[in-house]
file protein38.csv (CSV, C-alpha atoms and all ligand atoms)
chain,number,residue,atom,x,y,z
B,9,MET,CA,-133.7,16.1,213.2
B,10,LEU,CA,-130.7,18.3,213.5
B,11,LEU,CA,-130.3,21.1,211.2
B,12,ILE,CA,-126.9,22.2,210.1
B,13,SER,CA,-125.7,25.3,211.8
B,14,GLY,CA,-126.1,28.3,209.7
B,15,THR,CA,-122.6,29.5,210.5
B,16,LYS,CA,-121.1,26.2,209.4
B,17,LEU,CA,-123.0,26.2,206.2
B,18,LEU,CA,-122.1,29.7,205.3
B,19,ALA,CA,-118.5,28.9,206.1
B,20,VAL,CA,-118.5,25.9,203.8
B,21,LEU,CA,-120.3,27.8,201.0
B,22,ALA,CA,-117.9,30.8,201.4
B,23,SER,CA,-115.0,28.5,201.1
B,24,LEU,CA,-116.3,27.0,197.9
B,25,SER,CA,-117.6,30.1,196.2
B,26,GLY,CA,-114.2,30.9,194.7
B,27,ILE,CA,-113.7,27.5,193.2
B,28,SER,CA,-113.6,27.4,189.4
B,29,TRP,CA,-115.7,24.7,187.9
B,30,ALA,CA,-114.3,25.1,184.4
B,31,THR,CA,-113.7,21.8,182.7
B,32,SER,CA,-110.6,22.9,180.7
B,33,SER,CA,-107.6,20.8,181.4
B,34,GLY,CA,-105.6,23.7,182.5
B,35,THR,CA,-107.8,24.6,185.4
B,36,ALA,CA,-106.1,24.3,188.7
B,37,ARG,CA,-108.1,22.0,190.9
B,38,ARG,CA,-108.4,22.5,194.6
B,39,SER,CA,-109.1,19.9,197.1
B,40,PHE,CA,-112.8,19.8,197.6
B,41,GLN,CA,-114.1,17.3,200.1
B,42,PRO,CA,-116.7,19.1,202.1
B,43,ALA,CA,-118.4,16.9,204.6
B,44,LEU,CA,-122.1,16.7,203.9
B,45,HIS,CA,-122.7,15.8,207.5
B,46,PRO,CA,-123.1,18.6,210.0
B,47,PRO,CA,-121.4,18.2,213.4
B,48,GLY,CA,-123.3,17.1,216.4
B,49,SER,CA,-125.5,14.3,217.5
B,50,PHE,CA,-128.9,13.3,216.2
B,51,SER,CA,-131.7,11.2,217.4
B,52,ARG,CA,-131.7,7.6,216.3
B,53,SER,CA,-135.3,7.7,215.1
B,54,LEU,CA,-137.5,10.4,213.8
B,55,ARG,CA,-140.6,8.8,215.2
B,56,SER,CA,-141.7,6.5,217.8
B,57,ASP,CA,-144.2,4.8,215.5
B,58,ALA,CA,-144.8,1.1,215.0
B,59,SER,CA,-142.1,0.7,212.4
B,60,ASN,CA,-140.3,-1.8,214.5
B,61,ASN,CA,-143.2,-4.2,214.1
B,62,HIS,CA,-142.5,-4.5,210.4
B,63,ILE,CA,-138.7,-4.4,210.5
B,64,ASP,CA,-138.4,-7.4,208.3
B,65,LYS,CA,-141.0,-6.6,205.8
B,66,ARG,CA,-140.1,-5.7,202.3
B,67,TRP,CA,-139.1,-2.8,200.3
B,68,LEU,CA,-138.4,-2.3,196.7
B,69,ALA,CA,-134.8,-2.1,195.7
B,70,VAL,CA,-132.6,-2.5,192.7
B,71,GLU,CA,-131.1,-6.0,192.5
B,72,THR,CA,-127.5,-6.4,193.4
B,73,SER,CA,-125.6,-7.1,190.2
B,74,THR,CA,-122.1,-8.0,189.2
B,75,ASP,CA,-122.9,-7.9,185.5
B,76,ALA,CA,-120.9,-5.1,183.8
B,77,ASN,CA,-123.7,-4.6,181.3
B,78,ALA,CA,-126.5,-4.2,183.9
B,79,ASP,CA,-128.5,-1.0,183.9
B,80,HIS,CA,-127.8,-0.4,187.6
B,81,HIS,CA,-125.0,-1.0,190.0
B,82,LEU,CA,-124.7,-0.3,193.7
B,83,TRP,CA,-122.3,2.3,194.8
B,84,PRO,CA,-118.9,0.8,195.7
B,85,ASP,CA,-117.8,1.1,199.3
B,86,LYS,CA,-121.3,2.3,200.1
B,87,THR,CA,-120.2,5.7,199.0
B,88,VAL,CA,-122.1,8.0,196.6
B,89,THR,CA,-119.5,10.0,194.8
B,90,TYR,CA,-121.1,13.2,193.5
B,91,ALA,CA,-120.6,16.6,192.2
B,92,PHE,CA,-122.8,19.7,191.6
B,93,ASN,CA,-123.3,20.9,188.1
B,94,SER,CA,-122.3,24.5,189.1
B,95,VAL,CA,-121.5,26.6,192.1
B,96,ALA,CA,-124.9,28.2,191.7
B,97,ASP,CA,-126.6,24.9,191.8
B,98,MET,CA,-124.7,23.9,194.9
B,99,LYS,CA,-125.6,27.1,196.7
B,100,ALA,CA,-129.3,26.5,195.9
B,101,ILE,CA,-129.3,22.8,196.8
B,102,PHE,CA,-126.7,22.2,199.4
B,103,LYS,CA,-128.5,23.1,202.6
B,104,ASN,CA,-131.6,21.0,202.0
B,105,LEU,CA,-129.5,18.2,200.7
B,106,ILE,CA,-127.6,18.1,204.0
B,107,LYS,CA,-130.9,18.1,205.8
B,108,ALA,CA,-132.2,15.3,203.6
B,109,ILE,CA,-129.1,13.2,204.3
B,110,GLU,CA,-129.5,13.9,207.9
B,111,LEU,CA,-133.0,12.5,207.8
B,112,TRP,CA,-131.6,9.2,206.6
B,113,ASN,CA,-129.0,9.2,209.3
B,114,ALA,CA,-131.5,10.0,211.9
B,115,ALA,CA,-133.7,7.1,210.7
B,116,GLY,CA,-130.7,4.8,211.3
B,117,LEU,CA,-128.6,4.8,208.1
B,118,SER,CA,-125.1,5.2,209.5
B,119,ARG,CA,-123.3,8.2,208.1
B,120,GLU,CA,-120.0,6.6,208.8
B,121,GLU,CA,-120.9,3.6,206.7
B,122,TYR,CA,-123.1,5.1,204.0
B,123,LYS,CA,-121.2,8.1,202.8
B,124,TRP,CA,-121.5,10.9,200.4
B,125,LYS,CA,-118.2,12.0,198.8
B,126,ALA,CA,-118.0,15.3,197.0
B,127,ILE,CA,-115.7,15.8,194.1
B,128,LEU,CA,-115.2,18.6,191.6
B,129,LYS,CA,-117.3,18.6,188.5
B,130,PRO,CA,-114.3,18.2,186.2
B,131,ALA,CA,-113.3,15.0,188.1
B,132,CYS,CA,-116.9,13.9,187.9
B,133,LEU,CA,-117.1,14.4,184.1
B,134,ALA,CA,-113.8,12.6,183.7
B,135,ASP,CA,-115.3,9.5,185.4
B,136,ARG,CA,-118.9,10.1,184.6
B,137,THR,CA,-120.2,6.6,185.1
B,138,ASN,CA,-119.0,6.5,188.7
B,139,CYS,CA,-120.3,9.9,189.8
B,140,LEU,CA,-123.7,11.3,190.5
B,141,LEU,CA,-124.1,14.7,188.9
B,142,ILE,CA,-126.6,16.9,190.8
B,143,THR,CA,-128.3,19.7,188.9
B,144,ARG,CA,-130.8,22.3,190.0
B,145,GLN,CA,-133.9,22.2,187.8
B,146,ASP,CA,-137.0,23.9,189.2
B,147,GLY,CA,-140.2,22.0,188.7
B,148,VAL,CA,-138.4,18.7,188.6
B,149,LEU,CA,-137.4,16.1,191.2
B,150,LYS,CA,-135.9,13.0,189.7
B,151,SER,CA,-133.0,10.7,190.0
B,152,THR,CA,-131.5,7.7,188.4
B,153,ILE,CA,-131.6,4.5,190.4
B,154,ALA,CA,-128.3,3.6,192.1
B,155,LYS,CA,-125.2,3.9,190.0
B,156,ALA,CA,-127.2,3.9,186.7
B,157,ALA,CA,-125.3,2.8,183.6
B,158,ALA,CA,-124.7,5.3,180.8
B,159,GLN,CA,-127.1,5.2,177.9
B,160,PRO,CA,-125.6,7.3,175.2
B,161,LYS,CA,-128.5,6.7,172.9
B,162,HIS,CA,-130.7,8.5,175.3
B,163,ASP,CA,-128.3,11.2,176.4
B,164,LEU,CA,-127.7,9.6,179.7
B,165,ASP,CA,-124.0,9.5,180.4
B,166,GLY,CA,-124.1,8.4,184.1
B,167,PRO,CA,-126.0,8.8,187.4
B,168,GLU,CA,-127.9,12.0,187.6
B,169,MET,CA,-130.2,13.8,190.0
B,170,PHE,CA,-132.3,16.9,189.3
B,171,LEU,CA,-133.6,18.9,192.2
B,172,ASP,CA,-136.0,21.7,192.4
B,173,ALA,CA,-134.8,24.7,194.4
B,174,GLY,CA,-137.4,27.3,193.5
B,175,GLU,CA,-139.3,29.5,195.9
B,176,ASN,CA,-141.7,26.8,197.0
B,177,PRO,CA,-141.6,23.0,196.8
B,178,PRO,CA,-143.4,21.7,193.7
B,179,THR,CA,-145.2,19.0,195.8
B,180,ALA,CA,-146.8,18.8,199.2
B,181,LEU,CA,-143.5,17.6,200.5
B,182,SER,CA,-140.9,20.0,201.8
B,183,PHE,CA,-137.7,20.4,199.9
B,184,GLU,CA,-135.8,18.3,202.4
B,185,LEU,CA,-138.4,15.5,202.3
B,186,SER,CA,-138.4,15.6,198.5
B,187,TYR,CA,-134.6,15.4,198.4
B,188,ALA,CA,-134.7,12.5,200.9
B,189,HIS,CA,-137.0,10.7,198.5
B,190,GLU,CA,-134.5,11.2,195.6
B,191,ILE,CA,-131.7,10.1,197.9
B,192,GLY,CA,-133.5,6.9,198.4
B,193,HIS,CA,-133.5,6.4,194.6
B,194,ALA,CA,-129.8,7.3,194.4
B,195,TRP,CA,-129.0,4.5,196.9
B,196,GLY,CA,-131.1,2.1,194.8
B,197,LEU,CA,-134.6,2.1,196.2
B,198,GLY,CA,-137.6,2.1,193.9
B,199,HIS,CA,-141.1,3.3,194.8
B,200,GLU,CA,-142.8,1.4,197.6
B,201,HIS,CA,-146.1,1.4,195.8
B,202,GLN,CA,-144.6,-0.1,192.6
B,203,ASN,CA,-144.0,-3.5,194.2
B,204,PRO,CA,-145.8,-5.9,191.8
B,205,ALA,CA,-146.8,-8.0,194.7
B,206,PHE,CA,-149.2,-5.3,195.9
B,207,TRP,CA,-151.2,-5.1,192.8
B,208,SER,CA,-154.2,-7.1,191.7
B,209,ARG,CA,-154.5,-9.3,188.6
B,210,GLU,CA,-155.9,-6.5,186.5
B,211,PHE,CA,-152.5,-4.9,186.5
B,212,ASP,CA,-150.6,-8.0,185.3
B,213,PRO,CA,-150.5,-9.0,181.7
B,214,ASN,CA,-150.2,-12.6,182.8
B,215,GLN,CA,-153.0,-12.1,185.4
B,216,LYS,CA,-151.0,-14.0,188.0
B,217,ARG,CA,-150.7,-11.4,190.6
B,218,LYS,CA,-153.1,-11.7,193.6
B,219,GLY,CA,-152.2,-8.5,195.5
B,220,THR,CA,-155.0,-6.9,197.4
B,221,VAL,CA,-153.5,-3.5,198.1
B,222,PHE,CA,-153.9,-1.7,194.9
B,223,THR,CA,-156.9,-2.5,192.7
B,224,PRO,CA,-159.1,-0.5,190.3
B,225,ASN,CA,-161.0,0.5,193.3
B,226,ASN,CA,-158.3,2.6,194.9
B,227,PHE,CA,-156.1,3.3,191.8
B,228,LYS,CA,-158.6,5.4,189.9
B,229,CYS,CA,-156.5,6.0,186.8
B,230,GLU,CA,-159.2,7.8,184.9
B,231,GLN,CA,-159.2,10.5,187.5
B,232,HIS,CA,-155.6,11.3,186.8
B,233,TRP,CA,-155.2,14.8,185.2
B,234,GLY,CA,-153.4,13.3,182.3
B,235,PHE,CA,-155.9,10.6,181.4
B,236,ASN,CA,-157.7,12.3,178.6
B,237,ARG,CA,-154.5,13.3,176.8
B,238,ALA,CA,-153.1,9.8,177.2
B,239,LEU,CA,-156.3,8.3,175.9
B,240,ARG,CA,-156.2,10.5,172.8
B,241,LEU,CA,-152.7,9.5,172.2
B,242,ALA,CA,-153.5,5.8,172.7
B,243,ASN,CA,-156.2,6.1,170.0
B,244,ASP,CA,-154.0,8.0,167.6
B,245,LYS,CA,-153.2,5.5,164.9
B,246,SER,CA,-150.7,7.8,163.2
B,247,ARG,CA,-148.2,7.3,166.0
B,248,ALA,CA,-145.2,5.4,164.9
B,249,ASP,CA,-145.3,3.3,168.1
B,250,TYR,CA,-149.1,2.8,168.0
B,251,ALA,CA,-150.4,-0.5,169.3
B,252,GLU,CA,-153.9,-1.8,169.3
B,253,THR,CA,-153.6,-2.7,173.0
B,254,ASP,CA,-152.5,0.7,174.1
B,255,ARG,CA,-156.0,1.9,174.9
B,256,LEU,CA,-156.6,-1.1,177.1
B,257,LEU,CA,-153.3,-1.1,178.9
B,258,LEU,CA,-152.6,2.6,179.5
B,259,CYS,CA,-154.0,2.4,183.0
B,260,ARG,CA,-152.6,-1.1,183.6
B,261,VAL,CA,-149.1,-1.5,182.4
B,262,ALA,CA,-146.3,0.9,183.3
B,263,GLY,CA,-144.5,0.4,180.0
B,264,VAL,CA,-147.6,1.5,178.0
B,265,ALA,CA,-148.3,4.5,180.2
B,266,SER,CA,-144.6,5.5,179.9
B,267,LYS,CA,-144.8,5.2,176.1
B,268,LEU,CA,-147.7,7.6,176.2
B,269,LYS,CA,-146.0,9.9,178.6
B,270,PHE,CA,-148.8,9.3,181.1
B,271,GLY,CA,-147.7,10.1,184.6
B,272,VAL,CA,-149.3,6.9,186.1
B,273,PHE,CA,-146.3,5.0,185.0
B,274,GLU,CA,-144.7,6.1,188.2
B,275,TYR,CA,-147.5,4.4,190.1
B,276,LEU,CA,-148.1,1.2,188.2
B,277,PRO,CA,-146.2,-2.0,189.3
B,278,THR,CA,-142.7,-2.1,188.0
B,279,THR,CA,-141.5,-5.2,186.2
B,280,SER,CA,-138.3,-7.0,186.2
B,281,GLY,CA,-135.0,-5.6,187.5
B,282,TYR,CA,-136.2,-5.1,191.1
B,283,TYR,CA,-136.7,-7.3,194.0
B,284,SER,CA,-138.2,-7.2,197.4
B,285,GLU,CA,-137.6,-9.5,200.4
B,286,SER,CA,-140.8,-11.3,199.7
B,287,SER,CA,-141.4,-12.8,196.3
B,288,ALA,CA,-145.0,-13.7,197.0
B,289,LEU,CA,-147.4,-12.7,194.4
B,290,SER,CA,-150.0,-11.8,197.0
B,291,GLN,CA,-149.5,-9.1,199.5
B,292,GLY,CA,-152.0,-7.3,201.6
B,293,PRO,CA,-152.3,-3.8,203.1
B,294,LYS,CA,-150.4,-4.7,206.2
B,295,ASP,CA,-147.4,-5.5,204.1
B,296,VAL,CA,-147.1,-1.9,202.8
B,297,ASP,CA,-144.9,0.6,204.6
B,298,TRP,CA,-147.4,3.4,204.4
B,299,ASP,CA,-145.0,5.8,206.1
B,300,SER,CA,-142.1,5.2,203.7
B,301,ILE,CA,-140.4,8.1,202.1
B,302,MET,CA,-140.6,6.1,198.9
B,303,ILE,CA,-144.4,5.9,198.6
B,304,TYR,CA,-146.5,8.5,196.8
B,305,PRO,CA,-149.0,10.2,199.0
B,306,THR,CA,-152.6,10.6,197.9
B,307,ARG,CA,-152.2,14.4,197.9
B,308,MET,CA,-148.9,14.8,196.1
B,309,LYS,CA,-149.8,18.3,195.0
B,310,PRO,CA,-152.2,20.5,196.7
B,311,GLY,CA,-155.4,21.0,194.8
B,312,SER,CA,-154.8,18.3,192.2
B,313,PRO,CA,-157.4,15.6,191.6
B,314,THR,CA,-156.9,12.6,193.7
B,315,PHE,CA,-156.8,9.1,192.3
B,316,PHE,CA,-154.6,6.9,194.5
B,317,PHE,CA,-155.7,5.8,197.9
B,318,LYS,CA,-155.3,3.2,200.6
B,319,PRO,CA,-157.5,0.1,200.1
B,320,ASP,CA,-160.1,1.5,202.6
B,321,GLY,CA,-160.4,4.7,200.6
B,322,SER,CA,-158.4,6.8,203.1
B,323,ASP,CA,-155.5,9.0,202.1
B,324,ILE,CA,-152.0,7.7,201.8
B,325,PRO,CA,-150.2,10.1,204.1
B,326,ILE,CA,-147.4,12.4,203.3
B,327,SER,CA,-144.3,10.8,204.7
B,328,SER,CA,-142.4,12.6,207.5
B,329,GLY,CA,-139.1,11.0,206.6
B,330,PRO,CA,-137.3,7.8,205.8
B,331,THR,CA,-138.6,4.9,207.9
B,332,LEU,CA,-136.6,2.1,209.5
B,333,GLN,CA,-137.8,-0.2,206.7
B,334,ASP,CA,-136.5,2.2,204.2
B,335,VAL,CA,-133.1,2.1,205.9
B,336,LYS,CA,-133.3,-1.7,206.2
B,337,GLY,CA,-133.9,-1.8,202.5
B,338,ILE,CA,-130.7,0.0,201.7
B,339,GLN,CA,-128.7,-2.0,204.3
B,340,ARG,CA,-130.0,-5.3,202.9
B,341,MET,CA,-129.2,-4.2,199.4
B,342,TYR,CA,-125.7,-3.2,200.1
B,343,ASN,CA,-124.9,-6.1,202.4
B,344,ALA,CA,-126.4,-8.7,200.2
B,345,LYS,CA,-124.3,-11.3,198.4
B,346,PRO,CA,-123.9,-10.1,194.9
B,347,LYS,CA,-126.2,-11.9,192.5
B,348,LYS,CA,-126.0,-12.5,188.8
B,349,ALA,CA,-127.9,-9.8,187.1
B,350,ASN,CA,-131.4,-10.6,186.3
B,351,PHE,CA,-132.6,-7.8,184.2
B,352,GLY,CA,-135.1,-9.3,181.9
B,353,ALA,CA,-136.9,-7.5,179.1
B,354,LEU,CA,-138.4,-4.5,180.7
B,355,LEU,CA,-142.0,-3.8,179.7
B,356,ASN,CA,-141.0,-0.1,179.8
B,357,SER,CA,-137.9,-0.7,177.7
B,358,GLY,CA,-137.6,0.6,174.2
B,359,ALA,CA,-138.5,4.1,173.2
B,360,ASN,CA,-138.6,5.5,176.7
B,361,LYS,CA,-136.0,3.5,178.4
B,362,ALA,CA,-134.0,6.6,179.4
B,363,GLN,CA,-137.2,8.0,180.9
B,364,ALA,CA,-137.7,4.8,182.8
B,365,GLN,CA,-134.2,5.1,184.2
B,366,PHE,CA,-135.3,8.1,186.2
B,367,LYS,CA,-137.6,7.9,189.1
B,368,LYS,CA,-139.5,11.0,189.9
B,369,MET,CA,-141.2,12.4,192.8
B,370,PHE,CA,-143.1,14.8,190.7
B,371,CYS,CA,-144.3,14.0,187.2
B,372,GLY,CA,-143.0,16.6,184.8
B,373,CYS,CA,-145.4,15.6,182.1
B,374,CYS,CA,-148.6,16.3,184.1
B,375,SER,CA,-150.8,18.4,181.9
B,376,SER,CA,-153.7,20.4,183.3
B,377,GLU,CA,-156.2,18.1,181.6
B,401,ZN,ZN,-139.5,8.7,193.2
call {"tool": "encode", "arguments": {"input": "protein38.csv", "output": "structure tokens", "more": "lines below"}}
Ligand SMILES: [Zn+2]
result
Amino acid sequence: MLLISGTKLLAVLASLSGISWATSSGTARRSFQPALHPPGSFSRSLRSDASNNHIDKRWLAVETSTDANADHHLWPDKTVTYAFNSVADMKAIFKNLIKAIELWNAAGLSREEYKWKAILKPACLADRTNCLLITRQDGVLKSTIAKAAAQPKHDLDGPEMFLDAGENPPTALSFELSYAHEIGHAWGLGHEHQNPAFWSREFDPNQKRKGTVFTPNNFKCEQHWGFNRALRLANDKSRADYAETDRLLLCRVAGVASKLKFGVFEYLPTTSGYYSESSALSQGPKDVDWDSIMIYPTRMKPGSPTFFFKPDGSDIPISSGPTLQDVKGIQRMYNAKPKKANFGALLNSGANKAQAQFKKMFCGCCSSE
């Protein structure tokens, strides 16, 4: 990994600090195209692990779509057009964002081909659905998937990313690794562990899945810190969206967990709208990219109760960066022949659809219970 030179960063920041971000039409706009890529060379791979052995295995990615009404689109010309919400946000985020992008480059994602193009905030707001707006929000790490469509009903007007830039990272991952995870979402990757093919029949309303990776034995939902609160809500018949089955499904179906604002919805198998290379309903532990930057580690937050493990009971490690498979996922996604959209009814659609649009590294709704 190559870090940006401090001098270069300071020069870039200094050159930007005088820019007005006002949105009034009379504001003079300066050209603003800072390269997010530091100069110099970098190593091709972060690690010399066994990733190559699984190069053709799967990943979880948003489906390529040509449907104008689809919830997600890929970034045209493999270019994420973005703007910071403020100069202050940029100053707080910029350095680690560069490092995070570099992690992807070092893992094999070509920086010449997969680009980040900065524009001014006013230009971003003027073409909101085609621009990723990046905002500092401490305690939060979340991003919409790919070029997410606007959902005015849910106050989502285009692709967004929220990044913590406080004193300490909110999870066990460093800032740059956390940002690298969100960058994976911004390109279109979902969570590795949410691949439905990995989950056992207990987590399928139709009971057709035969995955052997995640079962009630290593996804111990009841040990999640939000379980008691979610269970109380599930039993609360005064809720407008109460359903008799909530109590039974809160640990099984992402849509129900999401409805109850129960953080396990970011663990449970996702439903339609995503695809992986393999469509098999049965996948085993060897099919999982345990080193992926897109998988949740067992110890997401130091000191928190643990509830999510490998099938043998051991910890899912903290990723040290994007893997070759993560890179391959993005490359396949963006080089695939466009398909007709196949966004069926999402189990997590409805009341919390906007919430489901975001993928989080860190659950902002985790209570201390
Ligand atoms: Zn995530």
call {"tool": "residues_around", "arguments": {"input": "protein38.csv", "residues": "Ser151 in chain B", "least_positions_apart": "4", "cutoff": "6 Å", "atoms": "only C-alpha atoms", "output": "PyMOL selection string"}}
result
chain B and resi 168-169+190+366-367
call {"tool": "closest_residue", "arguments": {"input": "protein38.csv", "among": "B:Ala251, B:Leu258, B:Val264, B:Cys139", "to": "Leu239 in chain B", "atoms": "all atoms listed in the file"}}
result
B:Leu258
call {"tool": "closest_residue", "arguments": {"input": "protein38.csv", "among": "B:Arg136, B:Lys123, B:Arg260, B:Lys161", "to": "Ile109 in chain B", "atoms": "all atoms listed in the file"}}
result
B:Lys123
call {"tool": "closest_residue", "arguments": {"input": "protein38.csv", "among": "B:Val221, B:Ile153, B:Leu268, B:Ala238", "to": "Leu82 in chain B", "atoms": "all atoms listed in the file"}}
result
B:Ile153
call {"tool": "closest_residue", "arguments": {"input": "protein38.csv", "among": "B:Ser312, B:Thr278, B:Asn343, B:Thr253", "to": "His199 in chain B", "atoms": "only C-alpha atoms"}}
result
B:Thr278
call {"tool": "residues_near_ligand", "arguments": {"input": "protein38.csv", "ligand": "ligand ZN 401 (chain B)", "cutoff": "7 Å", "atoms": "all atoms listed in the file", "output": "mmCIF file with C-alpha atoms, in the frame of the given file"}}
result
data_model
loop_
_atom_site.group_PDB
_atom_site.id
_atom_site.type_symbol
_atom_site.label_atom_id
_atom_site.label_comp_id
_atom_site.auth_asym_id
_atom_site.auth_seq_id
_atom_site.Cartn_x
_atom_site.Cartn_y
_atom_site.Cartn_z
ATOM 1 C CA LYS B 150 -135.900 13.000 189.700
ATOM 2 C CA HIS B 189 -137.000 10.700 198.500
ATOM 3 C CA GLU B 190 -134.500 11.200 195.600
ATOM 4 C CA HIS B 193 -133.500 6.400 194.600
ATOM 5 C CA GLY B 198 -137.600 2.100 193.900
ATOM 6 C CA HIS B 199 -141.100 3.300 194.800
ATOM 7 C CA MET B 302 -140.600 6.100 198.900
ATOM 8 C CA LYS B 367 -137.600 7.900 189.100
ATOM 9 C CA LYS B 368 -139.500 11.000 189.900
ATOM 10 C CA MET B 369 -141.200 12.400 192.800
#
call {"tool": "closest_residue", "arguments": {"input": "protein38.csv", "among": "B:Ser300, B:Thr220, B:Gln202, B:Asn93", "to": "Phe170 in chain B", "atoms": "all atoms listed in the file"}}
result
B:Asn93
call {"tool": "closest_residue", "arguments": {"input": "protein38.csv", "among": "B:His201, B:Lys216, B:Lys129, B:Lys107", "to": "Asp299 in chain B", "atoms": "only C-alpha atoms"}}
result
B:His201
